[in-house]
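Undergrad: Supplied structure: upload_9.txt, compact mmCIF, C-alpha atoms and all ligand atoms.
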# COMPACT_ATOMS: atom_id res chain seq x y z
CA MET D 788 11.47 26.52 -6.22
CA GLU D 789 9.23 24.82 -3.66
CA GLU D 790 9.03 21.06 -4.23
CA ALA D 791 5.65 19.95 -5.64
CA PHE D 792 3.70 17.62 -3.34
CA VAL D 793 3.80 14.78 -5.92
CA ASP D 794 7.61 14.82 -5.63
CA ARG D 795 7.58 14.40 -1.83
CA LEU D 796 9.08 11.16 -0.52
CA GLY D 797 8.56 10.18 3.09
CA TRP D 798 8.10 7.24 5.43
CA VAL D 799 7.47 7.99 9.10
CA ARG D 800 6.88 5.65 12.00
CA ASP D 801 6.68 6.73 15.61
CA GLY D 802 8.43 10.01 14.85
CA ALA D 803 11.35 8.33 13.01
CA ALA D 804 11.48 9.61 9.44
CA LEU D 805 13.10 8.58 6.19
CA THR D 806 12.76 11.28 3.53
CA GLY D 807 14.10 11.84 0.05
CA SER D 808 14.16 14.56 -2.56
CA GLY D 809 15.06 15.00 -6.21
CA GLY D 810 16.45 12.12 -8.24
CA TRP D 811 14.88 9.69 -10.66
CA ARG D 812 11.34 8.43 -11.29
CA LEU D 813 10.94 5.04 -12.95
CA ALA D 814 7.32 4.45 -13.99
CA PHE D 815 6.20 0.89 -14.80
CA SER D 816 2.95 -0.03 -16.47
CA GLY D 817 1.48 -3.27 -17.76
CA ARG D 818 1.90 -6.93 -16.92
CA ASP D 819 4.17 -8.20 -14.15
CA ARG D 820 4.86 -4.65 -12.97
CA LEU D 821 6.18 -5.81 -9.58
CA ALA D 822 8.51 -8.50 -10.93
CA ARG D 823 9.82 -6.06 -13.57
CA MET D 824 10.37 -3.36 -10.95
CA ASP D 825 12.23 -5.90 -8.82
CA ALA D 826 14.47 -6.92 -11.74
CA VAL D 827 15.31 -3.26 -12.49
CA TRP D 828 15.92 -2.54 -8.81
CA GLN D 829 18.34 -5.49 -8.56
CA ARG D 830 20.37 -4.05 -11.47
CA LEU D 831 20.47 -0.56 -9.91
CA ALA D 832 21.32 -1.93 -6.47
CA ASP D 833 24.15 -4.10 -7.89
CA ARG D 834 25.93 -1.05 -9.28
CA ASP D 835 25.71 0.96 -6.09
CA ARG D 836 29.04 2.52 -4.97
CA GLY D 837 27.67 5.25 -2.72
CA PRO D 838 28.43 6.23 0.89
CA ALA D 839 25.29 4.41 2.09
CA PRO D 840 23.30 1.61 0.45
CA LEU D 841 21.26 2.94 -2.46
CA THR D 842 17.79 3.71 -1.10
CA ALA D 843 14.56 3.98 -3.10
CA PHE D 844 10.86 4.54 -2.47
CA LEU D 845 8.09 2.75 -4.30
CA ALA D 846 4.33 2.97 -4.80
CA ALA D 847 2.81 0.21 -6.92
CA THR D 848 -0.71 -0.13 -8.24
CA PHE D 849 -3.21 -2.60 -6.82
CA ASP D 850 -3.44 -4.37 -10.18
CA ASP D 851 -1.45 -4.76 -13.42
CA SER D 852 -4.46 -3.42 -15.35
CA SER D 853 -4.38 0.03 -13.69
CA ALA D 854 -4.16 3.13 -15.87
CA LEU D 855 -1.70 4.60 -13.34
CA PRO D 856 1.96 3.57 -13.37
CA SER D 857 3.76 1.83 -10.51
CA VAL D 858 6.65 4.02 -9.49
CA LEU D 859 10.18 3.44 -8.22
CA ARG D 860 11.70 6.72 -7.01
CA VAL D 861 15.44 6.88 -6.40
CA PRO D 862 16.02 10.20 -4.61
CA ARG D 863 19.22 12.20 -5.07
CA SER D 864 19.21 13.28 -1.42
CA VAL D 865 18.17 10.99 1.40
CA ARG D 866 17.81 11.74 5.12
CA ARG D 867 17.27 9.24 7.90
CA GLY D 868 16.99 10.98 11.25
CA GLU D 869 20.21 12.99 11.63
CA THR D 870 22.04 11.18 8.81
CA ALA D 871 21.88 12.60 5.28
CA TRP D 872 23.54 11.47 2.09
CA GLU D 873 23.53 11.98 -1.67
CA GLN D 874 23.17 9.19 -4.19
CA ALA D 875 23.31 8.74 -7.93
CA VAL D 876 22.41 6.16 -10.52
CA ASP D 877 24.30 5.47 -13.74
CA ALA D 878 22.58 7.28 -16.64
CA GLY D 879 23.86 4.69 -19.12
CA LEU D 880 22.36 1.86 -17.10
CA LEU D 881 19.01 3.70 -16.84
CA ALA D 882 18.94 4.19 -20.61
CA GLU D 883 19.74 0.51 -21.12
CA LEU D 884 16.98 -0.61 -18.72
CA ALA D 885 14.39 1.69 -20.32
CA ALA D 886 15.31 0.47 -23.82
CA ALA D 887 14.82 -3.15 -22.70
CA ASP D 888 11.31 -2.60 -21.26
CA ASP D 889 8.49 -1.02 -23.34
CA GLY D 890 6.42 -0.45 -20.20
CA LEU D 891 9.14 1.50 -18.36
CA THR D 892 9.51 5.28 -18.56
CA VAL D 893 12.46 6.95 -16.86
CA GLY D 894 12.19 10.59 -15.83
CA LEU D 895 13.49 13.06 -13.28
CA ALA D 896 11.74 14.27 -10.15
CA GLY D 897 10.33 17.75 -10.70
CA GLU D 898 9.23 17.03 -14.26
CA GLU D 899 5.54 17.45 -14.88
CA ILE D 900 3.73 14.20 -14.08
CA ARG D 901 0.85 13.47 -16.43
CA GLY D 902 -2.02 11.05 -16.15
CA LEU D 903 -2.38 10.84 -12.38
CA ALA D 904 -6.17 10.95 -12.46
CA ALA D 905 -7.64 7.47 -12.75
CA PRO D 906 -10.76 7.24 -14.94
CA GLY D 907 -14.16 6.17 -13.62
CA GLU D 908 -17.11 7.27 -11.47
CA SER D 909 -17.15 7.47 -7.67
CA ALA D 910 -19.44 5.18 -5.72
CA GLY D 911 -21.30 7.20 -3.07
CA ARG D 912 -23.62 5.69 -0.46
CA ALA D 913 -26.04 4.15 -3.01
CA GLY D 914 -23.16 3.10 -5.23
CA HIS D 915 -21.39 1.38 -2.36
CA ARG D 916 -24.57 -0.48 -1.46
CA ARG D 917 -24.74 -1.71 -5.09
CA LEU D 918 -21.10 -2.78 -4.89
CA VAL D 919 -21.67 -4.76 -1.70
CA GLU D 920 -24.80 -6.34 -3.17
CA ALA D 921 -22.92 -7.30 -6.33
CA ALA D 922 -20.21 -8.90 -4.17
CA LEU D 923 -22.82 -10.73 -2.08
CA GLY D 924 -24.48 -11.98 -5.29
CA ALA D 925 -21.17 -13.31 -6.63
CA ILE D 926 -20.45 -14.99 -3.28
CA ALA D 927 -23.95 -16.55 -3.16
CA GLY D 928 -23.38 -17.82 -6.71
CA GLY D 929 -20.18 -19.55 -5.59
CA ALA D 930 -17.79 -17.28 -7.55
CA ALA D 931 -15.75 -16.39 -4.43
CA ASP D 932 -15.74 -16.71 -0.63
CA LYS D 933 -14.65 -13.12 0.03
CA ILE D 934 -14.44 -9.98 -2.10
CA VAL D 935 -13.03 -6.68 -0.85
CA VAL D 936 -14.92 -3.75 -2.35
CA ALA D 937 -13.82 -0.13 -2.07
CA ARG D 938 -15.06 3.35 -2.93
CA ASP D 939 -13.36 6.69 -3.39
CA GLU D 940 -14.06 10.25 -2.37
CA TYR D 941 -12.53 13.34 -3.97
CA VAL D 942 -11.50 16.13 -1.60
CA ARG D 943 -10.45 19.51 -2.96
CA ALA D 944 -7.01 20.54 -1.69
CA ASP D 945 -3.86 22.36 -2.78
CA ASP D 946 -0.24 21.32 -2.19
CA ALA D 947 0.03 23.25 1.09
CA ARG D 948 -3.05 21.50 2.49
CA CYS D 949 -1.65 18.10 1.45
CA ALA D 950 1.64 18.86 3.20
CA ARG D 951 -0.21 19.86 6.39
CA ALA D 952 -2.36 16.71 6.13
CA LEU D 953 0.76 14.54 5.94
CA GLU D 954 2.14 16.11 9.13
CA ALA D 955 -1.22 15.74 10.86
CA LEU D 956 -1.40 12.03 9.98
CA ALA D 957 2.10 11.34 11.33
CA ALA D 958 1.23 13.17 14.56
CA SER D 959 -2.23 11.61 15.04
CA TYR D 960 -1.43 8.00 14.12
CA PRO D 961 2.05 7.26 15.53
CA GLN D 962 1.32 3.51 15.59
CA THR D 963 0.78 3.46 11.80
CA TRP D 964 3.23 3.98 8.94
CA THR D 965 2.78 7.43 7.37
CA PHE D 966 3.90 7.67 3.76
CA ALA D 967 4.16 9.96 0.73
CA VAL D 968 5.34 8.62 -2.63
CA ASP D 969 4.43 10.09 -6.03
CA GLY D 970 1.42 11.95 -4.64
CA LEU D 971 0.08 8.87 -2.81
CA PHE D 972 -0.09 9.60 0.91
CA GLY D 973 -1.74 8.31 4.04
CA ALA D 974 -1.19 6.46 7.32
CA THR D 975 -1.52 2.69 7.02
CA PRO D 976 -1.84 0.21 9.89
CA GLU D 977 -0.93 -2.71 7.60
CA LEU D 978 2.68 -3.72 6.99
CA MET D 979 3.35 -6.13 4.13
CA ILE D 980 7.00 -6.58 4.94
CA ALA D 981 9.68 -5.10 7.18
CA ARG D 982 13.11 -6.54 6.39
CA GLN D 983 16.36 -6.09 8.24
CA GLY D 984 19.10 -8.27 6.76
CA ASP D 985 17.59 -11.74 6.39
CA ARG D 986 14.97 -11.16 9.15
CA PHE D 987 11.47 -10.08 8.19
CA ARG D 988 8.08 -9.47 9.73
CA THR D 989 4.66 -8.88 8.28
CA ARG D 990 1.31 -7.87 9.80
CA VAL D 991 -1.95 -9.15 8.35
CA LEU D 992 -5.10 -7.16 9.14
CA ALA D 993 -8.61 -8.33 8.28
CA GLY D 994 -11.79 -8.01 10.30
CA THR D 995 -12.94 -4.63 11.56
CA ALA D 996 -15.19 -3.47 14.43
CA GLY D 997 -15.70 -0.55 16.80
CA ASP D 998 -14.57 -2.57 19.84
CA ALA D 999 -12.53 -5.68 20.72
CA GLU D 1000 -15.48 -7.69 22.13
CA THR D 1001 -17.49 -7.43 18.89
CA LEU D 1002 -14.42 -8.38 16.90
CA LEU D 1003 -13.48 -11.46 18.94
CA GLY D 1004 -17.10 -12.54 19.46
CA ASP D 1005 -18.05 -12.62 15.77
CA PRO D 1006 -17.25 -15.96 14.08
CA ARG D 1007 -17.73 -14.34 10.64
CA ARG D 1008 -15.01 -11.75 11.27
CA VAL D 1009 -12.71 -14.31 12.89
CA ALA D 1010 -13.13 -16.66 9.90
CA GLU D 1011 -12.54 -13.77 7.46
CA HIS D 1012 -9.32 -12.98 9.28
CA ARG D 1013 -8.19 -16.63 9.29
CA LEU D 1014 -8.62 -16.80 5.50
CA ALA D 1015 -6.37 -13.76 5.07
CA ALA D 1016 -3.68 -14.89 7.54
CA ASP D 1017 -3.60 -18.46 6.18
CA ALA D 1018 -3.15 -17.22 2.62
CA VAL D 1019 -0.09 -15.17 3.65
CA LEU D 1020 1.34 -18.09 5.64
CA GLY D 1021 0.82 -20.33 2.58
CA GLU D 1022 2.59 -17.91 0.22
CA LEU D 1023 5.54 -17.59 2.59
CA ALA D 1024 6.02 -21.35 2.89
CA GLY D 1025 8.69 -21.75 0.20
CA LEU D 1026 10.23 -18.30 0.66
CA ALA D 1027 10.91 -18.13 4.37
CA VAL D 1028 11.52 -20.01 7.60
CA LEU D 1029 8.91 -18.84 10.09
CA ASP D 1030 9.51 -18.29 13.81
CA ASP D 1031 6.01 -19.58 14.53
CA GLU D 1032 4.08 -21.64 11.97
CA ARG D 1033 0.69 -20.77 13.51
CA PRO D 1034 0.84 -17.29 15.01
CA ALA D 1035 -2.31 -16.28 16.91
CA ALA D 1036 -4.57 -13.41 15.89
CA TYR D 1037 -5.11 -10.53 18.35
CA PRO D 1038 -7.28 -7.38 18.44
CA LEU D 1039 -5.30 -4.28 17.40
CA GLN D 1040 -6.63 -0.90 18.50
CA LEU D 1041 -6.31 2.17 16.28
CA PRO D 1042 -7.63 5.61 17.29
CA ASN D 1043 -10.80 5.18 15.19
CA LEU D 1044 -11.42 1.39 15.12
CA TRP D 1045 -10.20 -2.14 15.93
CA HIS D 1046 -8.82 -4.76 13.54
CA LEU D 1047 -7.98 -8.42 13.97
CA ALA D 1048 -4.22 -8.70 13.41
CA THR D 1049 -1.70 -11.52 12.95
CA ASP D 1050 2.03 -10.79 13.18
CA ILE D 1051 4.28 -13.18 11.26
CA SER D 1052 8.08 -13.18 11.43
CA GLY D 1053 11.03 -15.29 10.34
CA ARG D 1054 14.06 -15.49 8.05
CA VAL D 1055 13.94 -15.16 4.28
CA ALA D 1056 15.23 -18.25 2.47
CA ASP D 1057 17.21 -16.13 -0.02
CA PRO D 1058 18.95 -13.22 1.77
CA ALA D 1059 20.18 -11.87 -1.60
CA SER D 1060 16.60 -11.23 -2.74
CA SER D 1061 15.09 -7.75 -2.38
CA PRO D 1062 12.06 -6.97 -0.18
CA LEU D 1063 10.12 -6.71 -3.45
CA ARG D 1064 10.61 -10.45 -4.03
CA LEU D 1065 8.31 -11.27 -1.09
CA ILE D 1066 5.87 -8.52 -2.10
CA THR D 1067 5.62 -9.97 -5.61
CA ALA D 1068 4.64 -13.31 -4.03
CA LEU D 1069 2.26 -11.88 -1.42
CA HIS D 1070 0.39 -9.18 -3.33
CA PRO D 1071 -2.57 -8.92 -3.61
CA THR D 1072 -3.47 -10.45 -0.25
CA PRO D 1073 -7.00 -11.60 0.65
CA ALA D 1074 -7.13 -8.63 3.06
CA VAL D 1075 -7.44 -6.21 0.11
CA ALA D 1076 -8.63 -8.49 -2.71
CA GLY D 1077 -10.51 -11.53 -1.38
CA VAL D 1078 -10.55 -15.32 -1.64
CA PRO D 1079 -9.72 -16.92 -4.03
CA THR D 1080 -7.53 -13.96 -4.80
CA LYS D 1081 -7.29 -14.12 -8.58
CA ARG D 1082 -11.05 -14.47 -9.03
CA ALA D 1083 -11.66 -11.73 -6.45
CA VAL D 1084 -9.43 -9.31 -8.40
CA GLU D 1085 -11.37 -10.04 -11.60
CA LEU D 1086 -14.64 -9.33 -9.80
CA ILE D 1087 -13.25 -6.11 -8.27
CA ASN D 1088 -12.23 -4.92 -11.75
CA GLU D 1089 -15.72 -5.78 -12.98
CA PHE D 1090 -17.74 -4.24 -10.10
CA GLU D 1091 -15.81 -1.17 -8.96
CA PRO D 1092 -16.54 1.86 -11.15
CA ARG D 1093 -13.09 3.38 -10.57
CA ASP D 1094 -9.55 2.18 -11.10
CA ARG D 1095 -7.95 1.70 -7.65
CA GLY D 1096 -4.65 3.11 -8.82
CA ARG D 1097 -2.13 2.65 -5.98
CA TYR D 1098 -4.80 2.28 -3.28
CA ALA D 1099 -4.38 -1.16 -1.65
CA GLY D 1100 -1.03 -1.55 -3.43
CA PRO D 1101 2.48 -1.88 -1.94
CA VAL D 1102 4.09 1.38 -0.75
CA GLY D 1103 7.36 1.93 1.11
CA TRP D 1104 11.14 1.99 0.80
CA MET D 1105 14.03 -0.44 0.35
CA ASP D 1106 17.81 -0.31 0.12
CA ALA D 1107 20.56 -2.14 -1.74
CA ASP D 1108 21.38 -4.24 1.36
CA GLY D 1109 17.94 -5.89 1.24
CA ASN D 1110 16.45 -3.83 4.07
CA GLY D 1111 13.11 -2.13 3.71
CA GLU D 1112 9.59 -1.49 4.94
CA ILE D 1113 6.71 -1.94 2.53
CA GLY D 1114 3.14 -1.38 3.67
CA LEU D 1115 -0.23 -1.69 2.03
CA ALA D 1116 -1.53 1.69 0.87
CA LEU D 1117 -4.71 1.97 3.00
CA ARG D 1118 -6.26 4.99 4.78
CA CYS D 1119 -4.74 7.07 2.00
CA GLY D 1120 -5.37 9.30 -0.98
CA GLN D 1121 -3.79 10.06 -4.32
CA ARG D 1122 -2.95 13.67 -5.26
CA GLU D 1123 -4.84 14.61 -8.41
CA PRO D 1124 -5.26 17.94 -10.19
CA GLY D 1125 -7.08 20.23 -7.71
CA GLY D 1126 -7.45 17.69 -4.93
CA VAL D 1127 -6.93 14.29 -3.38
CA ARG D 1128 -8.77 11.09 -4.21
CA CYS D 1129 -9.26 9.16 -0.94
CA TYR D 1130 -10.15 5.47 -0.84
CA ALA D 1131 -11.63 2.99 1.63
CA GLY D 1132 -13.03 -0.50 1.44
CA GLY D 1133 -13.81 -3.63 3.38
CA GLY D 1134 -14.01 -7.39 3.01
CA ILE D 1135 -17.40 -8.83 2.05
CA VAL D 1136 -18.27 -12.39 3.05
CA ALA D 1137 -21.68 -14.14 3.04
CA GLY D 1138 -24.04 -12.47 5.50
CA ALA D 1139 -22.44 -8.99 5.29
CA ASP D 1140 -24.79 -6.03 5.83
CA PRO D 1141 -24.48 -3.31 3.12
CA GLU D 1142 -25.31 -0.46 5.56
CA TRP D 1143 -22.70 -1.68 8.03
CA GLU D 1144 -20.14 -2.01 5.25
CA TYR D 1145 -20.84 1.57 4.13
CA ALA D 1146 -20.41 2.74 7.73
CA GLU D 1147 -17.06 0.90 7.85
CA THR D 1148 -15.81 2.83 4.80
CA GLU D 1149 -16.92 6.08 6.49
CA VAL D 1150 -14.82 5.26 9.56
CA LYS D 1151 -11.85 4.30 7.37
CA LEU D 1152 -12.10 7.58 5.42
CA GLN D 1153 -12.07 9.62 8.63
CA PRO D 1154 -8.29 9.94 9.11
CA MET D 1155 -7.77 11.40 5.61
CA ARG D 1156 -10.82 13.67 5.84
CA ARG D 1157 -9.75 15.04 9.23
CA ALA D 1158 -6.16 15.52 8.14
CA LEU D 1159 -7.35 17.41 5.05
CA GLY D 1160 -9.64 19.55 7.19
CA VAL D 1161 -13.06 18.37 5.96
C1 LIG K 1201 -9.62 -2.37 2.55
C2 LIG K 1201 -9.27 -1.72 3.65
O1 LIG K 1201 -8.84 -2.34 4.79
C3 LIG K 1201 -8.57 -3.72 4.80
C4 LIG K 1201 -9.80 -4.50 5.09
C5 LIG K 1201 -10.16 -4.85 6.38
C6 LIG K 1201 -11.49 -5.53 6.64
O2 LIG K 1201 -12.19 -5.87 5.70
O3 LIG K 1201 -11.85 -5.73 7.82
C7 LIG K 1201 -9.30 -4.58 7.45
C8 LIG K 1201 -8.06 -4.06 7.23
C9 LIG K 1201 -7.51 -3.95 5.87
O4 LIG K 1201 -6.82 -5.11 5.53
C10 LIG K 1201 -9.26 -0.21 3.69
O5 LIG K 1201 -8.82 0.34 4.71
O6 LIG K 1201 -9.66 0.41 2.71
Could you rewrite the structure in this file as structure tokens?
Ligand SMILES: C=C(O[C@@H]1C=C(C(=O)O)C=C[C@H]1O)C(=O)O
TA:
Amino acid sequence: MEEAFVDRLGWVRDGAALTGSGGWRLAFSGRDRLARMDAVWQRLADRDRGPAPLTAFLAATFDDSSALPSVLRVPRSVRRGETAWEQAVDAGLLAELAAADDGLTVGLAGEEIRGLAAPGESAGRAGHRRLVEAALGAIAGGAADKIVVARDEYVRADDARCARALEALAASYPQTWTFAVDGLFGATPELMIARQGDRFRTRVLAGTAGDAETLLGDPRRVAEHRLAADAVLGELAGLAVLDDERPAAYPLQLPNLWHLATDISGRVADPASSPLRLITALHPTPAVAGVPTKRAVELINEFEPRDRGRYAGPVGWMDADGNGEIGLALRCGQREPGGVRCYAGGGIVAGADPEWEYAETEVKLQPMRRALGV
């Protein structure tokens, strides 16, 4: 039988692909989902006796409060370029882990997945304006300095169209990371963590414009970016030794827009930790939540009419040797019954223009719309 699109596992960068099929699906919901997923992953990775380090894919929700689960998928078959291998996890260990965690459900790939549609209304043009105005009001009232607000758009599509869209994204955006995990797919320019042994790098994006001059010449965008980059540098302080304590921001060009970017690299303090350890510390970043982060998340949950699900959450792969690449799920959509729910947002700071912010979400939705043929 043809594999359902929700079961597809893929991570593609510059034509180099890691794919997986079959295997196990571990679905986490509730509090501390990332830390609990990390703890479970450490147990699975410890037991690994396979021909290659046990490799898994993950897609986690933006927030603990999401109605959607955060998913760790351990495929039975894995392929990296020309190398392919089979892997297995101990059924007894899985049963033990599931029994110890009420918020963990263990299943097999190919089983019917229920509850993928997140409840809530979509914010169209008028709705997005209201969202931006609500964020501006909260900022004016001193509740936060920056709040990232997002909207969604449902596009009708079947599995075959989603599969074609995934190929189109990988071909059209080679400088991004194209992913598919548990029906979440897209091409993100933002990398939360790439780890190889004890070395890691991360790319912070915040600040968007149609050209580099506008981006670099606008103190508001530059300040918004600084807030995001500084927060990541602060979180990394106790967890890593950085190559450069104050890396400079630069304008990064994508086919449809420009972002301000800061690349950070270094060595992790604890090489035995998994890539998820850093993600648990870093997520959510001000680039997708706001500043101060905790308050911004509360305001997002209050203002946005729809659950973000895995949009703006960590997505990627990792292996038992501590290697991995985990991006932020942006420029993406979630497979739902009959279609795909696409998402886009932007950071709001004092002085933001609601019409401009709406236009920014239109540009950010473009890659998914084009790939899906609308
Ligand atoms: C929130 C999104 O993008 C994020 C917000 C940005 C901004 O506000 O300028 C830029 C890049 C991303 O960190 C999105 O693509 O939906």
Undergrad: Give the residues close to ligand LIG 1201 (chain K), within 6 Å, counting all atoms listed in the file; write them as a list in words.
TA: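 The residues near ligand LIG 1201 (chain K) are Leu992, Ala993, Gly994, Thr995, Ala1074, Val1075, Leu1117, Arg1118, Ala1131, Gly1132, Gly1133, Gly1134 and Lys1151 of chain D.
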Undergrad: Which residue is closest to Pro1101 (chain D)? Choose from D:Arg812, D:Arg820, D:Arg988, D:Arg1008 and count only C-alpha atoms.
TA: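 Using only C-alpha atoms, the shortest distance to Pro1101 (chain D) belongs to D:Arg820.
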Undergrad: Could you list as a list in words every residue that has an atom within 10 Å of (17.8, -14.9, 1.0), using the file's coordinates and counting only C-alpha atoms?
TA: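 All residues meeting the 10 Å criterion around (17.8, -14.9, 1.0) are Gly984, Asp985, Arg986, Leu1026, Ala1027, Arg1054, Val1055, Ala1056, Asp1057, Pro1058, Ala1059, Ser1060, Ser1061, Pro1062, Arg1064 and Gly1109 of chain D.
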Undergrad: May I ask which of the residues D:Val1161, D:Val865, D:Leu903, D:Ala1015 is the closest one to Gln1121 (chain D), counting all atoms listed in the file?
TA: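 Smallest distance to Gln1121 (chain D) is found for D:Leu903.
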Undergrad: What does the distance from CA of Ser853 (chain D) to CA of Arg1093 (chain D) come to in Å, to one decimal?
TA: 9.8 Å
Undergrad: Have a look at CA of Asp932 (chain D) and CA of Ile980 (chain D) and let me know their distance in Å, one decimal.
TA: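 That distance, rounded to one decimal, is 25.5 Å.
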Undergrad: List every protein, DNA or RNA residue that has an atom no more than 10 Å from (6.8, 11.4, 8.7) in the file's coordinate frame, counting all atoms listed in the file, and report them as a VMD selection string.
TA: chain D and resid 796 to 806 953 to 958 961 964 to 967 974
Undergrad: Any idea what the distance is between CA of Leu918 (chain D) and CA of Ala931 (chain D)?
TA: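 About the pair CA of Leu918 (chain D) and CA of Ala931 (chain D): they are 14.6 Å apart.
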Undergrad: Would you list the contacts of Ala1036 (chain D) as a PyMOL selection string, taking every protein, DNA or RNA residue within 7 Å and counting all atoms listed in the file, but skipping same-chain residues closer than 5 positions in sequence?
TA: chain D and resi 1047-1049
Undergrad: What lies within 12 Å of Trp872 (chain D) using only C-alpha atoms, ignoring chain neighbours under 6 positions off, as a compact mmCIF listing (two decimals) with C-alpha atoms, in the frame of the given file?
TA:
# COMPACT_ATOMS: atom_id res chain seq x y z
CA LEU D 805 13.10 8.58 6.19
CA THR D 806 12.76 11.28 3.53
CA GLY D 807 14.10 11.84 0.05
CA SER D 808 14.16 14.56 -2.56
CA GLY D 837 27.67 5.25 -2.72
CA PRO D 838 28.43 6.23 0.89
CA ALA D 839 25.29 4.41 2.09
CA PRO D 840 23.30 1.61 0.45
CA LEU D 841 21.26 2.94 -2.46
CA THR D 842 17.79 3.71 -1.10
CA PRO D 862 16.02 10.20 -4.61
CA ARG D 863 19.22 12.20 -5.07
CA SER D 864 19.21 13.28 -1.42
CA VAL D 865 18.17 10.99 1.40
CA ARG D 866 17.81 11.74 5.12
Undergrad: In terms of the shortest atom-to-atom distance over all atoms listed in the file, which of D:Thr1080, D:Thr892, D:Gln874, D:Asn1088 is closest to Ala832 (chain D)?
TA: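 Among the listed residues, D:Gln874 lies closest to Ala832 (chain D).
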Undergrad: Which is closer to Gln829 (chain D) than all the others in D:Pro1141, D:Ala843, D:Gly924, D:Leu1115, using only C-alpha atoms?
TA: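 Counting only C-alpha atoms, the residue closest to Gln829 (chain D) is D:Ala843.
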Undergrad: Excluding region 1018-1023 of chain D and residues on its chain fewer than 3 positions from it, collect all residues at most 8 Å away from it, counting only C-alpha atoms, and give them as a list of chain:residue names.
TA: D:Val991, D:Leu1014, D:Ala1015, D:Leu1026, D:Ala1027, D:Glu1032, D:Leu1065, D:Ala1068, D:Leu1069, D:Thr1072, D:Pro1073
Undergrad: For C-alpha atoms, I'd like the residues from the last selection saved as a PDB file, keeping the file's coordinate frame.
TA:
ATOM      1  CA  VAL D 991      -1.950  -9.150   8.350  1.00  0.00           C
ATOM      2  CA  LEU D1014      -8.620 -16.800   5.500  1.00  0.00           C
ATOM      3  CA  ALA D1015      -6.370 -13.760   5.070  1.00  0.00           C
ATOM      4  CA  LEU D1026      10.230 -18.300   0.660  1.00  0.00           C
ATOM      5  CA  ALA D1027      10.910 -18.130   4.370  1.00  0.00           C
ATOM      6  CA  GLU D1032       4.080 -21.640  11.970  1.00  0.00           C
ATOM      7  CA  LEU D1065       8.310 -11.270  -1.090  1.00  0.00           C
ATOM      8  CA  ALA D1068       4.640 -13.310  -4.030  1.00  0.00           C
ATOM      9  CA  LEU D1069       2.260 -11.880  -1.420  1.00  0.00           C
ATOM     10  CA  THR D1072      -3.470 -10.450  -0.250  1.00  0.00           C
ATOM     11  CA  PRO D1073      -7.000 -11.600   0.650  1.00  0.00           C
TER      12      PRO D1073
END
Undergrad: D:Arg1128, D:His1070, D:Arg1013, D:Lys933: which is nearest Gly1114 (chain D), counting all atoms listed in the file?
TA: D:His1070
Undergrad: In terms of the shortest atom-to-atom distance over only C-alpha atoms, which of D:Gly973, D:Gly1004, D:Gly911, D:Pro856 is closest to Pro1038 (chain D)?
TA: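 Closest to Pro1038 (chain D) of all the choices is D:Gly1004.
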Undergrad: If you take only C-alpha atoms and a cut-off of 12 Å, which residues of region 916-1023 of chain D touch region 893-898 of chain D, and what are their nearest atom pairs and distances in Å to one decimal, in chain and number order, as CSV?
TA:
residue,atom,partner,partner_atom,distance
D:Val968,CA,D:Ala896,CA,11.4
D:Asp969,CA,D:Ala896,CA,9.4
D:Gly970,CA,D:Ala896,CA,11.9
